[in-house]
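Peer 1: The following block contains the structure, expressed as structure tokens.
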Amino acid sequence: MTTDDARAGSSQNLRIGDTAPDFEARSTIGPVKLSGFRGRWLILFSHPADFTPVCTTEFVELARQAGEFKRRDCELMALSVDSLFSHFAWLRMIRDRFDIEVRFPIVEDPTLVIGRAFGMVAPQDSDSATVRTTFFIDPSGAIRAMTCYPANMGRSIPEMLRMLDALQAIDAESALAPANWQPGEPLLEQPTQNLDDVFKAGDGAAWFLREAGKGEKK
Ligand code: BEZ
């Protein structure tokens with residue numbers, strides 16, 4: 001069961017900064033409503049199918065790292081076209097085989113109404129499998145980052161955590177995260193929009209490239 005919001009939002013043109021389309025659906029932890037997660041970070045991600053090799057490795061790793069997401073006040077929510085009972089059977093297999101319980105919700109989306117609203121499947125696709133799309137949704141419900149991986153390549157869980165850390169750090173510091181940024185490393189200042197600051201910068205100073213709180217980047 002989905003809301004009109006998700007039904008109406010089948011444009012697949014979601015962009016960074018858009019409000020994530022709301023939906024209500026059955027999941028492995030009971031009914032979930034996306035807007036019910038406001039106030040916390042949420043990572044909503046699709047997987048092609050239950051009982052597939054790459055997806056299984058992703059879920060095992062995500063379950064192992066679940067505490068790291070919780071520590072960052074971030075909930076996880078997975079989604080595929082498979083039925084709730086397929087999700088249950090897969091999670092039972094994962095528990096029995098890998099000794100780990102997947103406790104974050106996995107949504108069933110048999111009609112693809114949610115997957116289409118989020119652009120996880122193309123409307124013209126004959127194959128109903130959702131690709132590995134990941135949406136980082138902030139506490140206000142805004143989409144802050146998106147990634148899309150092919151079915152035959154698994155996501156990096158450390159990279160998901162790094163993206164979350166970077167998004168939270170740039171919000172906290174009103175700063176910018178440089179290439180390869182890792183938690184604990186310096187952020188960058190927003191570039192000035194004032195010509196006087198440009199002319200005031202010392203000789204050879206990269207006026208547009210400064211560590212946050214420190215001035216010029218060395
Ligand atoms: C996998 O998760 O292993 C997978 C899913 C769909 C297509 C190919 C591989």
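Please note that chains go A, B, ... in the order of the structure tokens, that every chain numbers its residues from 1, and that ligands are numbered from 1 in the order shown.
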Counting only C-alpha atoms and all ligand atoms, which residues in chain A sit no more than 8 Å from ligand 1? For each one, give the nearest pair of atoms and the distance in Å, sorted by chain then residue number, as CSV.
Peer 2:
```
residue,atom,partner,partner_atom_place_in_ligand_line,distance
A:His47,CA,ligand 1,2 (O),7.3
A:Pro48,CA,ligand 1,6 (C),5.0
A:Ala49,CA,ligand 1,5 (C),5.8
A:Asp50,CA,ligand 1,2 (O),7.6
A:Phe51,CA,ligand 1,2 (O),7.6
A:Thr52,CA,ligand 1,2 (O),4.2
A:Pro53,CA,ligand 1,3 (O),3.7
A:Val54,CA,ligand 1,3 (O),3.5
A:Cys55,CA,ligand 1,2 (O),3.9
A:Thr56,CA,ligand 1,2 (O),6.6
A:Ala129,CA,ligand 1,6 (C),7.4
A:Ala151,CA,ligand 1,7 (C),4.8
A:Asn152,CA,ligand 1,9 (C),4.7
A:Met153,CA,ligand 1,9 (C),7.7
A:Gly154,CA,ligand 1,2 (O),7.5
```
Peer 1: Counting only C-alpha atoms, which residues of region 102-189 of chain A fall within 9 Å of region 73-83 of chain A, and what is the closest atom pair for each with its distance in Å at one decimal, ordered by chain and rising number, as JSON lines?
Peer 2:
```
{"residue": "A:Phe104", "atom": "CA", "partner": "A:Leu76", "partner_atom": "CA", "distance": 5.9}
{"residue": "A:Pro105", "atom": "CA", "partner": "A:Met77", "partner_atom": "CA", "distance": 5.2}
{"residue": "A:Ile106", "atom": "CA", "partner": "A:Ala78", "partner_atom": "CA", "distance": 4.5}
{"residue": "A:Val107", "atom": "CA", "partner": "A:Leu79", "partner_atom": "CA", "distance": 4.6}
{"residue": "A:Glu108", "atom": "CA", "partner": "A:Ser83", "partner_atom": "CA", "distance": 5.3}
{"residue": "A:Asp109", "atom": "CA", "partner": "A:Val81", "partner_atom": "CA", "distance": 4.5}
{"residue": "A:Pro110", "atom": "CA", "partner": "A:Val81", "partner_atom": "CA", "distance": 4.4}
{"residue": "A:Thr111", "atom": "CA", "partner": "A:Val81", "partner_atom": "CA", "distance": 7.2}
{"residue": "A:Leu112", "atom": "CA", "partner": "A:Val81", "partner_atom": "CA", "distance": 6.4}
{"residue": "A:Ile114", "atom": "CA", "partner": "A:Leu79", "partner_atom": "CA", "distance": 8.8}
{"residue": "A:Gly115", "atom": "CA", "partner": "A:Ser80", "partner_atom": "CA", "distance": 7.8}
{"residue": "A:Ser128", "atom": "CA", "partner": "A:Val81", "partner_atom": "CA", "distance": 7.3}
{"residue": "A:Ala129", "atom": "CA", "partner": "A:Val81", "partner_atom": "CA", "distance": 6.7}
{"residue": "A:Thr130", "atom": "CA", "partner": "A:Ser80", "partner_atom": "CA", "distance": 6.4}
{"residue": "A:Asp138", "atom": "CA", "partner": "A:Cys74", "partner_atom": "CA", "distance": 9.0}
{"residue": "A:Leu164", "atom": "CA", "partner": "A:Cys74", "partner_atom": "CA", "distance": 8.4}
```
Peer 1: Take the residues just selected and output them with C-alpha atoms as a PDB file, in the first residue's frame.
Peer 2:
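The resulting again_14.pdb:
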```pdb
ATOM      1  CA  PHE A 104      16.243  -3.061   9.480  1.00  0.00           C
ATOM      2  CA  PRO A 105      13.031  -3.000   7.401  1.00  0.00           C
ATOM      3  CA  ILE A 106      12.852  -4.496   3.930  1.00  0.00           C
ATOM      4  CA  VAL A 107       9.870  -3.091   2.044  1.00  0.00           C
ATOM      5  CA  GLU A 108       7.887  -5.137  -0.492  1.00  0.00           C
ATOM      6  CA  ASP A 109       7.136  -3.266  -3.699  1.00  0.00           C
ATOM      7  CA  PRO A 110       5.457  -5.850  -5.953  1.00  0.00           C
ATOM      8  CA  THR A 111       3.749  -3.244  -8.135  1.00  0.00           C
ATOM      9  CA  LEU A 112       6.933  -1.155  -8.408  1.00  0.00           C
ATOM     10  CA  ILE A 114       7.698   3.024  -5.046  1.00  0.00           C
ATOM     11  CA  GLY A 115      10.594   1.889  -7.236  1.00  0.00           C
ATOM     12  CA  SER A 128      11.116  -5.487 -12.995  1.00  0.00           C
ATOM     13  CA  ALA A 129      14.254  -5.820 -10.866  1.00  0.00           C
ATOM     14  CA  THR A 130      15.267  -2.620  -9.141  1.00  0.00           C
ATOM     15  CA  ASP A 138      18.326  14.002   5.760  1.00  0.00           C
ATOM     16  CA  LEU A 164      26.892   9.757   5.753  1.00  0.00           C
TER      17      LEU A 164
END
```
Peer 1: Using only C-alpha atoms, which of A:Ala145, A:Thr28, A:Asp165, A:Pro21 sits nearest Gly184 (chain A)?
Peer 2: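 When distances to Gly184 (chain A) are compared using only C-alpha atoms, the smallest one comes from A:Asp165.
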Peer 1: Would you please extract all strand (DSSP E) residues from chain A, as assigned by DSSP on the backbone, and give them as a ChimeraX atom specification?
Peer 2: /A:24-25,32-33,41-46,74-80,106-108,132-137,143-149,210-211,215-216
Peer 1: Go ahead and save the residues from that selection, with N, CA and C atoms, as a CSV table (one decimal), in the first residue's frame.
Peer 2:
```
chain,number,residue,atom,x,y,z
A,24,GLU,N,3.8,4.6,2.1
A,24,GLU,CA,3.5,3.7,3.2
A,24,GLU,C,3.5,2.3,2.6
A,25,ALA,N,4.1,1.3,3.2
A,25,ALA,CA,4.2,0.0,2.7
A,25,ALA,C,4.4,-1.1,3.8
A,32,VAL,N,5.5,0.6,7.3
A,32,VAL,CA,6.4,1.7,7.5
A,32,VAL,C,5.9,2.8,6.6
A,33,LYS,N,6.2,4.1,7.0
A,33,LYS,CA,5.9,5.3,6.3
A,33,LYS,C,7.1,6.1,6.2
A,41,TRP,N,18.3,10.7,10.1
A,41,TRP,CA,18.8,10.3,8.7
A,41,TRP,C,18.2,9.0,8.3
A,42,LEU,N,18.0,8.8,7.0
A,42,LEU,CA,17.5,7.6,6.5
A,42,LEU,C,18.3,7.2,5.2
A,43,ILE,N,18.7,6.0,5.1
A,43,ILE,CA,19.3,5.5,3.9
A,43,ILE,C,18.2,4.5,3.3
A,44,LEU,N,17.6,4.9,2.2
A,44,LEU,CA,16.7,4.1,1.5
A,44,LEU,C,17.4,3.5,0.3
A,45,PHE,N,17.4,2.1,0.2
A,45,PHE,CA,18.1,1.5,-0.9
A,45,PHE,C,17.4,0.3,-1.5
A,46,SER,N,17.5,0.2,-2.8
A,46,SER,CA,16.9,-0.9,-3.5
A,46,SER,C,17.9,-2.0,-3.8
A,74,CYS,N,21.1,7.2,12.1
A,74,CYS,CA,20.7,6.9,10.7
A,74,CYS,C,20.0,5.5,10.6
A,75,GLU,N,18.8,5.5,10.1
A,75,GLU,CA,18.1,4.3,9.9
A,75,GLU,C,18.3,3.8,8.5
A,76,LEU,N,18.2,2.4,8.3
A,76,LEU,CA,18.3,1.8,7.0
A,76,LEU,C,17.0,1.3,6.6
A,77,MET,N,16.6,1.4,5.3
A,77,MET,CA,15.4,0.8,4.8
A,77,MET,C,15.7,0.3,3.4
A,78,ALA,N,15.5,-1.0,3.2
A,78,ALA,CA,15.7,-1.7,1.9
A,78,ALA,C,14.4,-1.9,1.2
A,79,LEU,N,14.5,-2.1,-0.1
A,79,LEU,CA,13.3,-2.3,-0.9
A,79,LEU,C,13.6,-3.2,-2.1
A,80,SER,N,12.7,-4.1,-2.4
A,80,SER,CA,12.7,-4.8,-3.7
A,80,SER,C,11.3,-5.2,-4.1
A,106,ILE,N,12.8,-4.3,5.4
A,106,ILE,CA,12.9,-4.5,3.9
A,106,ILE,C,11.4,-4.4,3.4
A,107,VAL,N,11.2,-3.4,2.6
A,107,VAL,CA,9.9,-3.1,2.0
A,107,VAL,C,9.6,-4.0,0.9
A,108,GLU,N,8.3,-4.4,0.7
A,108,GLU,CA,7.9,-5.1,-0.5
A,108,GLU,C,7.3,-4.1,-1.4
A,132,ARG,N,20.6,-1.2,-8.0
A,132,ARG,CA,21.1,-0.8,-6.6
A,132,ARG,C,21.2,0.7,-6.4
A,133,THR,N,20.1,1.3,-6.2
A,133,THR,CA,20.0,2.7,-6.0
A,133,THR,C,20.0,3.0,-4.5
A,134,THR,N,20.7,4.0,-4.1
A,134,THR,CA,20.8,4.4,-2.6
A,134,THR,C,20.5,5.9,-2.5
A,135,PHE,N,19.6,6.2,-1.6
A,135,PHE,CA,19.2,7.6,-1.4
A,135,PHE,C,19.6,7.9,0.1
A,136,PHE,N,20.3,9.0,0.2
A,136,PHE,CA,20.7,9.5,1.6
A,136,PHE,C,19.7,10.6,1.8
A,137,ILE,N,18.8,10.4,2.8
A,137,ILE,CA,17.7,11.4,3.1
A,137,ILE,C,18.0,12.0,4.5
A,143,ILE,N,16.5,14.7,-0.1
A,143,ILE,CA,17.5,13.8,-0.7
A,143,ILE,C,18.8,14.6,-0.8
A,144,ARG,N,19.8,14.0,-0.1
A,144,ARG,CA,21.1,14.8,-0.1
A,144,ARG,C,22.2,14.1,-0.9
A,145,ALA,N,22.0,12.9,-1.3
A,145,ALA,CA,22.9,12.2,-2.2
A,145,ALA,C,22.3,10.9,-2.7
A,146,MET,N,22.7,10.5,-3.9
A,146,MET,CA,22.2,9.3,-4.5
A,146,MET,C,23.3,8.5,-5.2
A,147,THR,N,23.3,7.2,-5.1
A,147,THR,CA,24.2,6.4,-5.9
A,147,THR,C,23.4,5.4,-6.6
A,148,CYS,N,24.0,4.9,-7.7
A,148,CYS,CA,23.4,3.8,-8.5
A,148,CYS,C,24.5,2.9,-9.0
A,149,TYR,N,24.4,1.6,-8.5
A,149,TYR,CA,25.3,0.6,-8.9
A,149,TYR,C,24.6,-0.4,-9.8
A,210,ARG,N,40.6,26.9,1.1
A,210,ARG,CA,41.1,27.1,2.4
A,210,ARG,C,40.4,26.0,3.3
A,211,GLU,N,41.2,25.6,4.3
A,211,GLU,CA,40.7,24.6,5.3
A,211,GLU,C,39.7,25.4,6.1
A,215,GLY,N,42.0,29.1,7.3
A,215,GLY,CA,42.5,30.0,6.3
A,215,GLY,C,43.0,29.2,5.1
A,216,GLU,N,44.1,29.6,4.6
A,216,GLU,CA,44.6,29.0,3.3
A,216,GLU,C,45.0,27.5,3.5
```
Peer 1: Find the residue from A:Gly39, A:Gly30, A:Pro191, A:Pro186 that sits nearest to Gly213 (chain A); use only C-alpha atoms when measuring.
Peer 2: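 Of A:Gly39, A:Gly30, A:Pro191, A:Pro186, the one nearest Gly213 (chain A) is A:Pro186, counting only C-alpha atoms.
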Peer 1: Hey, what's within 7 Å of region 167-180 of chain A if we count only C-alpha atoms and toss same-chain stuff fewer than 4 positions away? As a list in words, please?
Peer 2: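 Within the cut-off, the hits are Met163, Leu187, Leu188, Glu189, Gln190 and Ala212 of chain A.
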Peer 1: Nearest residue to Arg92 (chain A) out of A:Ala117, A:Trp181, A:Val60, A:Gly202, using only C-alpha atoms?
Peer 2: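 Among A:Ala117, A:Trp181, A:Val60, A:Gly202, it is A:Val60 that comes nearest to Arg92 (chain A).
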Peer 1: Using only C-alpha atoms, which residues sit within 10 Å of Val102 (chain A) once same-chain residues fewer than 5 positions away are excluded, as a list in words?
Peer 2: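 My reading of the contact set: Thr28, Phe59, Val60, Glu61, Leu62, Ala63, Arg64, Ala66, Phe88, Trp90, Leu91, Arg92, Ile94 and Arg95 of chain A.
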Peer 1: Store the residues of this selection in a file with C-alpha atoms, as an mmCIF file, in the first residue's frame.
Peer 2:
```
data_model
loop_
_atom_site.group_PDB
_atom_site.id
_atom_site.type_symbol
_atom_site.label_atom_id
_atom_site.label_comp_id
_atom_site.auth_asym_id
_atom_site.auth_seq_id
_atom_site.Cartn_x
_atom_site.Cartn_y
_atom_site.Cartn_z
ATOM 1 C CA THR A 28 9.701 -7.000 7.488
ATOM 2 C CA PHE A 59 22.703 -7.492 3.525
ATOM 3 C CA VAL A 60 25.099 -9.537 5.634
ATOM 4 C CA GLU A 61 27.558 -6.610 5.720
ATOM 5 C CA LEU A 62 24.850 -4.027 6.399
ATOM 6 C CA ALA A 63 23.501 -6.132 9.250
ATOM 7 C CA ARG A 64 27.024 -6.452 10.680
ATOM 8 C CA ALA A 66 23.956 -1.771 11.640
ATOM 9 C CA PHE A 88 11.159 -13.306 5.488
ATOM 10 C CA TRP A 90 15.666 -14.811 2.767
ATOM 11 C CA LEU A 91 16.314 -13.225 6.175
ATOM 12 C CA ARG A 92 15.788 -16.599 7.814
ATOM 13 C CA ILE A 94 20.780 -15.321 6.137
ATOM 14 C CA ARG A 95 20.338 -15.822 9.884
#
```
Peer 1: Can you work out the spacing between CA of Glu68 (chain A) and CA of Gln182 (chain A) in Å, to one decimal?
Peer 2: 15.2 Å
